Amino acid sequence: MMQIKFSPKKYLILLICTYFVSNIYTQNLIHGVVFEKDRAIPIVGAVVSIGSKGTITDTDGKFSLEKEVNQNYMVVSFTGFKKTRILLSESNEYNIQLEEESVLLQTTIISSSRFETSIAQSSVSMEVIAAKDIEKLSTNSVEQVLDRVPGVQILDGQANIRGGSGYSYGAGSRVMLVMDEIPILQPDAGFPNWSDLPLENVEQIEVLKGAASALYGSAAMNGVIHFRSKFPGSKPFTSVTQTMKYFTAPDQEEYWWKNNSFKDSPQEWITTIVDRRKIKSWDLSSALAYTNKNEYNENVGNINHRANVLIRKRFKDKMTASLGANLNTGTSSDFFYWKASGLYTGDTSSFTRSKKVRFSLDPSVNYITNKNYKHKAYARWYYIENNNNANQSNQSNNYYGEYQIHKNIEKWRLAIAAGVFGSYSKIDAPLYGDTLLSSSNQAVYLSAEHKIKDRLIFMAGMRYEYFKIQGPSHIGTYQFDQQSKDSRPVFRFGLNYNVAKNSYLRASWGQGFRFPTLAEKYIQTQAGGLNIAPNPNIKSEYGNSYEIGYKQAFKFLSMDGGFDLAGFYSRYRDMMEFGFLLSPNLVPFFQSSNVGDTEIPGVEGSLLLNKKFKYGNLSFIASHTFIEPKFQDWDLTGNNVKLTELDKATRGQLNALRSTSDENVLKYRSKHVFKSDIQYQLNGWMLGYDFLYASNVTAIDPIFETFIKGVKEFREKNNTGYRIHGLRLGYQMKKIELQANLFNLTNEIYTNRPGYLEAPRHMVFRATYKINS
């Protein structure tokens with residue numbers, strides 16, 4: 001064997017070379033710490049990049065990053081702070097201070113483009129609800145939180161953005177629900193299972209308004225609601241919250257079923273336990289929730305148990321892997337429509353009692369390469385078992401997978417995201433003709449964002465969707481093609497122009513496309529004597545959404561504030577909506593069908609003010625949304641069409657015949673919605689007031705007024721919309737928070753849909769103990 005011998009001279013040369021190579025590498029390595037300006041608090045997770053190389057700060061706000069040849073700037077960004085560009089010098093040590101954005105512009109979002117960006121630079125209307133705004137309401141009801149968002153209404157469990165949806169009997173959502181970039185609608189019905197969401201572990205909720213199918217697929221016809229999880233901070237956090245709700249009697253005592261004493265009031269009890277902590281390179285978030293609701297409607301309520309855990313492993317600064325799990329079990333009872341002799345009591349024939357088990361498992365991986373390519377992979381298994389006494393049970397296994405790749409090309413000021421998506425569902429359901437069904441959906445998409453100079457941002461995106469359903473050849477007397485397919489490309493374009501300091505003008509156009517859900521196509525059941533029928537001929541709907549908007553932030557007399565104005569127009573082709581029809585033998589039934597072409601023009605404005613006083617802080621927000629939703633085909637001569645000649649009626653005649661209004665207006669929509677909230681904080685105390693107004697719903701299905709006793713009389717008596725006032729008072733100590741809310745202060749009696757009253761005046765008391773705060 002040959003041996004290599006080093007002379008002292010060669011050994012010395014090797015040592016010198018090693019020293020110089022190591023010294024050159026060390027000179028190319030930059031170290032630093034990122035912290036909040038004026039508060040010197042380290043920022044965990046700030047993104048630091050030089051050219052194509054990037055990293056994130058650790059739990060102490062520190063980072064290390066190698067310099068890149070021919071790159072003279074380092075870019076540092078973090079949610080809620082101004083992006084900072086730093087000119088590189090000969091120094092290898094940097095202390096970087098990030099300044100908070102304007103109160104209106106500071107929020108970072110991801111839903112509008114698949115890229116993290118400032119809400120001010122979005123090309124579409126966006127609203128963001130922070131965790132502190134959720135806490136104002138002392139609730140674990142996601143619907144109650146979303147009902148406070150400008151332009152959003154919740155109608156019988158379905159989200160409606162700017163009038164894009166009517167009453168859908170719990171099927172076929174036009175608003176996509178997403179949790180940490182994973183779709184979470186129940187696939188067979190397109191229904192949001194709100195109680196699955198761990199609201200106590202949500203960092204913020206992003207609401208995108210307008211067609212977003214090019215970003216999120218079929219169900220995003222009308223918008224997207226994106227829930228983003230809260231991860232542990234630098235210190236462990238553990239809390240226990242007890243919430244109690246008490247309902248009082250309505251002023252119309254003839255509608256009530258309880259005694260008027262406080263001790264006999266219907267009640268709700270909610271207990272939640274939350275824990276978030278870092279253990280070395282692990283992030284652990286978990287929550288337990290128990291709900292026992294004895295509702296204001298007689299014999300209506302639910303008992304619910306939910307456990308949620310999210311585990312994230314950080315592999316240095318380039319890779320993270322997460323696993324989320326959610327279990328939701330419980331029982332519930334409810335009714336479809338009221339009993340005429342007592343509107344807070346359900347008709348016995350319309351009651352349903354159910355037992356549910358829902359479980360989801362969500363693994364994901366995020367990886368950043370040395371050249372700053374971001375790879376994201378998500379998956380979900382979602383098991384649903386709903387047992388129902390009214391032949392409405394269903395069981396399904398649902399599988400989802402998605403891969404994304406992101407790349408920021410700094411020299412071109414270009415960000416690109418591309419991805420592939422696939423889902424598969426297998427359903428066994430008496431609700432769908434007591435048969436086995438399967439559905440699949442595949443998609444590819446591309447999104448790009450280009451910054452032109454320093455003021456103009458151009459966004460574009462496209463997605464190609466493919467759907468397939470494998471179903472029965474018949475359900476009852478209804479004949480089906482056993483296989484249904486559809487596919488379509490959809491596109492979006494947007495612009496955002498920074499007109500002046502804190503002034504942004506935006507414009508967007510997006511296409512929407514929605515394939516019928518299994519529930520809309522195959523459902524066959526009864527609800528209180530009303531038949532709900534399948535529809536073999538239902539077709540996909542598609543459309544376009546346009547918007548132009550202006551956002552302005554300002555400071556005036558030591559007051560921070562801003563306003564947002566938007567004009568929008570949506571047009572749908574072959575819109576799908578549930579409605580009442582008549583069979584050839586004149587028996588009424590409820591069915592999802594294509595109602596033709598529709599349009600929804602409108603305007604929306606919001607105002608935000610924040611004033612700091614010597615002894616406190618005052619905040620105010622208000623919004624107004626106006627829409628003019630119409631059918632493209634409308635002919636009042638339909639009111640004269642004989643029931644035996646419906647098969648000869650035109651689309652316009654049928655639309656007029658199936659509405660209680662002579663005005664051309666889409667059913668179950670309020671034209672005006674106004675919302676406001678004001679809050680004052682002082683030394684741990686908080687006092688707030690909120691107000692909600694929705695104008696009268698002029699058009700519903702006529703069958704509701706004839707079939708359900710009391711509906712017509714109630715609508716004639718209560719035809720000015722509804723006005724809901726609320727008060728809240730809270731006190732926050734170091735470890736304890738106490739809050740009391742009074743909802744529906746004036747005890748307004750109102751409905752969101754025919755035959756079902758909303759809650760009378762009720763009080764909520766919340767106590768939170770923060771163990772590790």
# chains A, B, ... in the order shown; residues from 1 in each chain; ligands from 1
>>> closest_atom_pairs(of="range 112-224 of chain A", to="range 347-363 of chain A", cutoff="12 Å", atoms="only C-alpha atoms", output="CSV")
residue,atom,partner,partner_atom,distance
A:Met179,CA,A:Asp362,CA,10.1
A:Asp180,CA,A:Asp362,CA,9.9
A:Glu181,CA,A:Asp362,CA,10.8
A:Ile182,CA,A:Asp362,CA,8.3
A:Pro183,CA,A:Asp362,CA,10.7
A:Ile184,CA,A:Ser360,CA,9.5
A:Leu185,CA,A:Ser360,CA,11.8
A:Gln186,CA,A:Arg358,CA,10.2
A:Asn193,CA,A:Arg358,CA,9.4
A:Trp194,CA,A:Arg358,CA,11.8
A:Ser195,CA,A:Arg358,CA,10.3
A:Asp196,CA,A:Arg358,CA,8.0
A:Leu197,CA,A:Ser360,CA,11.2
>>> write_last_selection(atoms="all heavy atoms", output="mmCIF file, in the first residue's frame")
data_model
loop_
_atom_site.group_PDB
_atom_site.id
_atom_site.type_symbol
_atom_site.label_atom_id
_atom_site.label_comp_id
_atom_site.auth_asym_id
_atom_site.auth_seq_id
_atom_site.Cartn_x
_atom_site.Cartn_y
_atom_site.Cartn_z
ATOM 1 N N MET A 179 -58.480 25.507 5.715
ATOM 2 C CA MET A 179 -57.765 25.577 6.978
ATOM 3 C C MET A 179 -56.297 25.307 6.709
ATOM 4 O O MET A 179 -55.923 24.201 6.296
ATOM 5 C CB MET A 179 -58.309 24.536 7.971
ATOM 6 C CG MET A 179 -57.649 24.569 9.342
ATOM 7 S SD MET A 179 -58.309 25.905 10.340
ATOM 8 C CE MET A 179 -57.278 25.782 11.807
ATOM 9 N N ASP A 180 -55.458 26.331 6.866
ATOM 10 C CA ASP A 180 -54.022 26.192 6.595
ATOM 11 C C ASP A 180 -53.778 25.622 5.203
ATOM 12 O O ASP A 180 -52.994 24.684 5.018
ATOM 13 C CB ASP A 180 -53.342 25.326 7.657
ATOM 14 C CG ASP A 180 -53.385 25.969 9.035
ATOM 15 O OD1 ASP A 180 -53.315 27.200 9.107
ATOM 16 O OD2 ASP A 180 -53.509 25.246 10.033
ATOM 17 N N GLU A 181 -54.497 26.166 4.220
ATOM 18 C CA GLU A 181 -54.381 25.841 2.794
ATOM 19 C C GLU A 181 -55.004 24.496 2.406
ATOM 20 O O GLU A 181 -54.891 24.072 1.264
ATOM 21 C CB GLU A 181 -52.924 25.909 2.328
ATOM 22 C CG GLU A 181 -52.299 27.291 2.503
ATOM 23 C CD GLU A 181 -51.045 27.494 1.682
ATOM 24 O OE1 GLU A 181 -51.109 27.335 0.455
ATOM 25 O OE2 GLU A 181 -50.004 27.814 2.282
ATOM 26 N N ILE A 182 -55.692 23.827 3.338
ATOM 27 C CA ILE A 182 -56.340 22.553 3.040
ATOM 28 C C ILE A 182 -57.853 22.757 2.983
ATOM 29 O O ILE A 182 -58.444 23.266 3.937
ATOM 30 C CB ILE A 182 -55.996 21.494 4.108
ATOM 31 C CG1 ILE A 182 -54.489 21.233 4.126
ATOM 32 C CG2 ILE A 182 -56.750 20.198 3.843
ATOM 33 C CD1 ILE A 182 -54.048 20.285 5.236
ATOM 34 N N PRO A 183 -58.529 22.381 1.874
ATOM 35 C CA PRO A 183 -59.983 22.517 1.795
ATOM 36 C C PRO A 183 -60.670 21.675 2.871
ATOM 37 O O PRO A 183 -60.291 20.521 3.107
ATOM 38 C CB PRO A 183 -60.321 21.988 0.394
ATOM 39 C CG PRO A 183 -59.049 22.079 -0.372
ATOM 40 C CD PRO A 183 -57.953 21.857 0.619
ATOM 41 N N ILE A 184 -61.718 22.232 3.516
ATOM 42 C CA ILE A 184 -62.340 21.516 4.627
ATOM 43 C C ILE A 184 -63.864 21.421 4.499
ATOM 44 O O ILE A 184 -64.530 21.028 5.458
ATOM 45 C CB ILE A 184 -61.977 22.166 5.984
ATOM 46 C CG1 ILE A 184 -62.376 23.653 6.004
ATOM 47 C CG2 ILE A 184 -60.509 21.992 6.284
ATOM 48 C CD1 ILE A 184 -62.179 24.308 7.358
ATOM 49 N N LEU A 185 -64.425 21.754 3.342
ATOM 50 C CA LEU A 185 -65.853 21.517 3.141
ATOM 51 C C LEU A 185 -66.139 20.019 3.134
ATOM 52 O O LEU A 185 -65.300 19.220 2.693
ATOM 53 C CB LEU A 185 -66.312 22.104 1.806
ATOM 54 C CG LEU A 185 -66.485 23.623 1.712
ATOM 55 C CD1 LEU A 185 -66.803 24.017 0.273
ATOM 56 C CD2 LEU A 185 -67.573 24.122 2.643
ATOM 57 N N GLN A 186 -67.325 19.638 3.619
ATOM 58 C CA GLN A 186 -67.733 18.243 3.509
ATOM 59 C C GLN A 186 -67.933 17.939 2.027
ATOM 60 O O GLN A 186 -68.814 18.502 1.386
ATOM 61 C CB GLN A 186 -69.023 17.985 4.286
ATOM 62 C CG GLN A 186 -69.478 16.538 4.237
ATOM 63 C CD GLN A 186 -70.628 16.247 5.182
ATOM 64 O OE1 GLN A 186 -70.647 16.729 6.308
ATOM 65 N NE2 GLN A 186 -71.601 15.468 4.724
ATOM 66 N N ASN A 193 -68.836 22.204 7.978
ATOM 67 C CA ASN A 193 -69.052 21.692 9.334
ATOM 68 C C ASN A 193 -68.344 22.626 10.313
ATOM 69 O O ASN A 193 -67.207 22.385 10.733
ATOM 70 C CB ASN A 193 -68.527 20.262 9.450
ATOM 71 C CG ASN A 193 -69.373 19.278 8.672
ATOM 72 O OD1 ASN A 193 -70.594 19.261 8.778
ATOM 73 N ND2 ASN A 193 -68.719 18.456 7.857
ATOM 74 N N TRP A 194 -69.030 23.720 10.656
ATOM 75 C CA TRP A 194 -68.405 24.785 11.441
ATOM 76 C C TRP A 194 -67.873 24.288 12.774
ATOM 77 O O TRP A 194 -66.825 24.767 13.251
ATOM 78 C CB TRP A 194 -69.412 25.902 11.682
ATOM 79 C CG TRP A 194 -69.973 26.543 10.448
ATOM 80 C CD1 TRP A 194 -71.241 26.432 9.966
ATOM 81 C CD2 TRP A 194 -69.285 27.397 9.518
ATOM 82 N NE1 TRP A 194 -71.395 27.163 8.816
ATOM 83 C CE2 TRP A 194 -70.211 27.772 8.512
ATOM 84 C CE3 TRP A 194 -67.983 27.886 9.443
ATOM 85 C CZ2 TRP A 194 -69.880 28.598 7.455
ATOM 86 C CZ3 TRP A 194 -67.650 28.716 8.383
ATOM 87 C CH2 TRP A 194 -68.582 29.058 7.401
ATOM 88 N N SER A 195 -68.576 23.351 13.399
ATOM 89 C CA SER A 195 -68.161 22.911 14.740
ATOM 90 C C SER A 195 -66.861 22.120 14.728
ATOM 91 O O SER A 195 -66.285 21.850 15.787
ATOM 92 C CB SER A 195 -69.271 22.083 15.403
ATOM 93 O OG SER A 195 -69.519 20.893 14.675
ATOM 94 N N ASP A 196 -66.376 21.723 13.537
ATOM 95 C CA ASP A 196 -65.077 21.041 13.450
ATOM 96 C C ASP A 196 -63.917 22.003 13.679
ATOM 97 O O ASP A 196 -62.806 21.574 14.003
ATOM 98 C CB ASP A 196 -64.892 20.403 12.069
ATOM 99 C CG ASP A 196 -65.732 19.150 11.882
ATOM 100 O OD1 ASP A 196 -66.431 18.762 12.838
ATOM 101 O OD2 ASP A 196 -65.700 18.575 10.781
ATOM 102 N N LEU A 197 -64.151 23.296 13.486
ATOM 103 C CA LEU A 197 -63.057 24.265 13.485
ATOM 104 C C LEU A 197 -62.622 24.628 14.903
ATOM 105 O O LEU A 197 -63.450 25.050 15.717
ATOM 106 C CB LEU A 197 -63.473 25.529 12.734
ATOM 107 C CG LEU A 197 -63.597 25.349 11.222
ATOM 108 C CD1 LEU A 197 -64.464 26.440 10.607
ATOM 109 C CD2 LEU A 197 -62.210 25.349 10.581
#
>>> residues_around(residues="Gln679 in chain A", least_positions_apart="4", cutoff="10 Å", atoms="only C-alpha atoms", output="count of residues only")
15
>>> select_by_dssp(residues="range 88-332 of chain A", states="alpha helix (DSSP H)", output="mmCIF file with N, CA, C and O atoms, in the first residue's frame")
data_model
loop_
_atom_site.group_PDB
_atom_site.id
_atom_site.type_symbol
_atom_site.label_atom_id
_atom_site.label_comp_id
_atom_site.auth_asym_id
_atom_site.auth_seq_id
_atom_site.Cartn_x
_atom_site.Cartn_y
_atom_site.Cartn_z
ATOM 1 N N ALA A 131 -57.382 37.171 16.035
ATOM 2 C CA ALA A 131 -57.802 36.403 17.210
ATOM 3 C C ALA A 131 -58.462 37.305 18.249
ATOM 4 O O ALA A 131 -59.439 36.916 18.888
ATOM 5 N N LYS A 132 -57.963 38.526 18.416
ATOM 6 C CA LYS A 132 -58.546 39.443 19.407
ATOM 7 C C LYS A 132 -59.970 39.849 19.031
ATOM 8 O O LYS A 132 -60.803 40.122 19.908
ATOM 9 N N ASP A 133 -60.269 39.872 17.722
ATOM 10 C CA ASP A 133 -61.636 40.186 17.290
ATOM 11 C C ASP A 133 -62.581 39.013 17.561
ATOM 12 O O ASP A 133 -63.771 39.210 17.836
ATOM 13 N N ILE A 134 -62.061 37.799 17.467
ATOM 14 C CA ILE A 134 -62.867 36.620 17.782
ATOM 15 C C ILE A 134 -63.232 36.615 19.266
ATOM 16 O O ILE A 134 -64.367 36.320 19.650
ATOM 17 N N GLU A 135 -62.266 36.985 20.111
ATOM 18 C CA GLU A 135 -62.488 36.969 21.555
ATOM 19 C C GLU A 135 -63.562 37.965 21.983
ATOM 20 O O GLU A 135 -64.213 37.778 23.011
ATOM 21 N N VAL A 142 -68.302 29.781 14.807
ATOM 22 C CA VAL A 142 -67.658 30.442 13.676
ATOM 23 C C VAL A 142 -68.668 31.288 12.910
ATOM 24 O O VAL A 142 -68.351 32.382 12.438
ATOM 25 N N GLU A 143 -69.915 30.798 12.792
ATOM 26 C CA GLU A 143 -70.942 31.544 12.066
ATOM 27 C C GLU A 143 -71.162 32.921 12.685
ATOM 28 O O GLU A 143 -71.318 33.919 11.974
ATOM 29 N N GLN A 144 -71.160 32.996 14.018
ATOM 30 C CA GLN A 144 -71.381 34.266 14.700
ATOM 31 C C GLN A 144 -70.237 35.239 14.435
ATOM 32 O O GLN A 144 -70.445 36.444 14.296
ATOM 33 N N VAL A 145 -69.029 34.715 14.352
ATOM 34 C CA VAL A 145 -67.867 35.565 14.047
ATOM 35 C C VAL A 145 -67.946 36.088 12.620
ATOM 36 O O VAL A 145 -67.773 37.288 12.367
ATOM 37 N N LEU A 146 -68.227 35.208 11.659
ATOM 38 C CA LEU A 146 -68.254 35.612 10.253
ATOM 39 C C LEU A 146 -69.400 36.564 9.956
ATOM 40 O O LEU A 146 -69.310 37.384 9.033
ATOM 41 N N SER A 213 -62.131 30.632 -8.226
ATOM 42 C CA SER A 213 -61.966 29.251 -8.686
ATOM 43 C C SER A 213 -60.586 29.009 -9.281
ATOM 44 O O SER A 213 -60.065 27.890 -9.236
ATOM 45 N N ALA A 214 -59.971 30.055 -9.852
ATOM 46 C CA ALA A 214 -58.638 29.894 -10.431
ATOM 47 C C ALA A 214 -57.595 29.625 -9.360
ATOM 48 O O ALA A 214 -56.522 29.093 -9.650
ATOM 49 N N LEU A 215 -57.907 29.986 -8.113
ATOM 50 C CA LEU A 215 -56.984 29.747 -7.009
ATOM 51 C C LEU A 215 -57.351 28.495 -6.220
ATOM 52 O O LEU A 215 -56.492 27.698 -5.861
ATOM 53 N N TYR A 216 -58.657 28.307 -5.951
ATOM 54 C CA TYR A 216 -59.072 27.295 -4.985
ATOM 55 C C TYR A 216 -60.084 26.290 -5.522
ATOM 56 O O TYR A 216 -60.547 25.437 -4.771
#
>>> residues_around(residues="range 30-32 of chain A", least_positions_apart="5", cutoff="9 Å", atoms="only C-alpha atoms", output="PyMOL selection string")
chain A and resi 57+61-67+91-96
>>> select_by_dssp(residues="range 532-772 of chain A", states="strand (DSSP E or B)", output="JSON, numbers by chain")
{"A": [532, 541, 542, 543, 544, 545, 546, 547, 548, 549, 550, 551, 552, 553, 554, 555, 556, 559, 560, 561, 562, 563, 564, 565, 566, 567, 568, 569, 570, 571, 572, 573, 576, 577, 578, 579, 580, 581, 582, 588, 589, 590, 591, 592, 593, 594, 598, 599, 600, 601, 602, 603, 604, 605, 606, 607, 608, 609, 610, 611, 612, 613, 616, 617, 618, 619, 620, 621, 622, 623, 624, 625, 626, 627, 630, 631, 672, 673, 674, 675, 676, 677, 678, 679, 680, 681, 682, 685, 686, 687, 688, 689, 690, 691, 692, 693, 694, 722, 723, 724, 725, 726, 727, 728, 729, 730, 731, 732, 736, 737, 738, 739, 740, 741, 742, 743, 751, 752, 753, 756, 757, 762, 763, 764, 765, 766, 767, 768, 769, 770]}
>>> closest_residue(among="A:Glu410, A:Glu254, A:Glu203, A:Asp60", to="Arg85 in chain A", atoms="only C-alpha atoms")
A:Glu410
>>> closest_residue(among="A:Gly419, A:Pro629, A:Gly164, A:Pro489", to="Met576 in chain A", atoms="only C-alpha atoms")
A:Gly164
>>> residues_around(residues="Gln97 in chain A", least_positions_apart="4", cutoff="6 Å", atoms="only C-alpha atoms", output="NGL selection string")
:A and (34-37)
>>> residues_around(residues="Lys717 in chain A", least_positions_apart="4", cutoff="12 Å", atoms="only C-alpha atoms", output="count of residues only")
8
>>> closest_atom_pairs(of="range 337-408 of chain A", to="range 228-252 of chain A", cutoff="12 Å", atoms="only C-alpha atoms", output="CSV")
residue,atom,partner,partner_atom,distance
A:Gly342,CA,A:Gln252,CA,10.1
A:Leu343,CA,A:Gln252,CA,10.0
A:Tyr344,CA,A:Pro250,CA,9.6
>>> write_last_selection(atoms="all heavy atoms", output="JSON list (two decimals), in the first residue's frame")
[["chain", "number", "residue", "atom", "x", "y", "z"],
["A", 342, "GLY", "N", -96.67, 28.27, 18.31],
["A", 342, "GLY", "CA", -95.55, 28.76, 19.11],
["A", 342, "GLY", "C", -94.31, 28.76, 18.25],
["A", 342, "GLY", "O", -93.71, 27.72, 18.00],
["A", 343, "LEU", "N", -93.88, 29.94, 17.78],
["A", 343, "LEU", "CA", -92.85, 29.98, 16.74],
["A", 343, "LEU", "C", -91.48, 29.52, 17.23],
["A", 343, "LEU", "O", -90.61, 29.21, 16.42],
["A", 343, "LEU", "CB", -92.77, 31.39, 16.17],
["A", 343, "LEU", "CG", -94.07, 31.95, 15.58],
["A", 343, "LEU", "CD1", -93.81, 33.24, 14.83],
["A", 343, "LEU", "CD2", -94.74, 30.93, 14.66],
["A", 344, "TYR", "N", -91.27, 29.48, 18.56],
["A", 344, "TYR", "CA", -90.01, 28.94, 19.08],
["A", 344, "TYR", "C", -90.13, 27.44, 19.38],
["A", 344, "TYR", "O", -89.28, 26.87, 20.05],
["A", 344, "TYR", "CB", -89.59, 29.70, 20.35],
["A", 344, "TYR", "CG", -89.04, 31.08, 20.07],
["A", 344, "TYR", "CD1", -89.83, 32.21, 20.20],
["A", 344, "TYR", "CD2", -87.72, 31.26, 19.66],
["A", 344, "TYR", "CE1", -89.34, 33.47, 19.94],
["A", 344, "TYR", "CE2", -87.21, 32.52, 19.40],
["A", 344, "TYR", "CZ", -88.03, 33.63, 19.54],
["A", 344, "TYR", "OH", -87.54, 34.89, 19.28]]
>>> residues_around(residues="Gln524 in chain A", least_positions_apart="3", cutoff="9 Å", atoms="only C-alpha atoms", output="PyMOL selection string")
chain A and resi 392+430-433+475-476+519+531-534
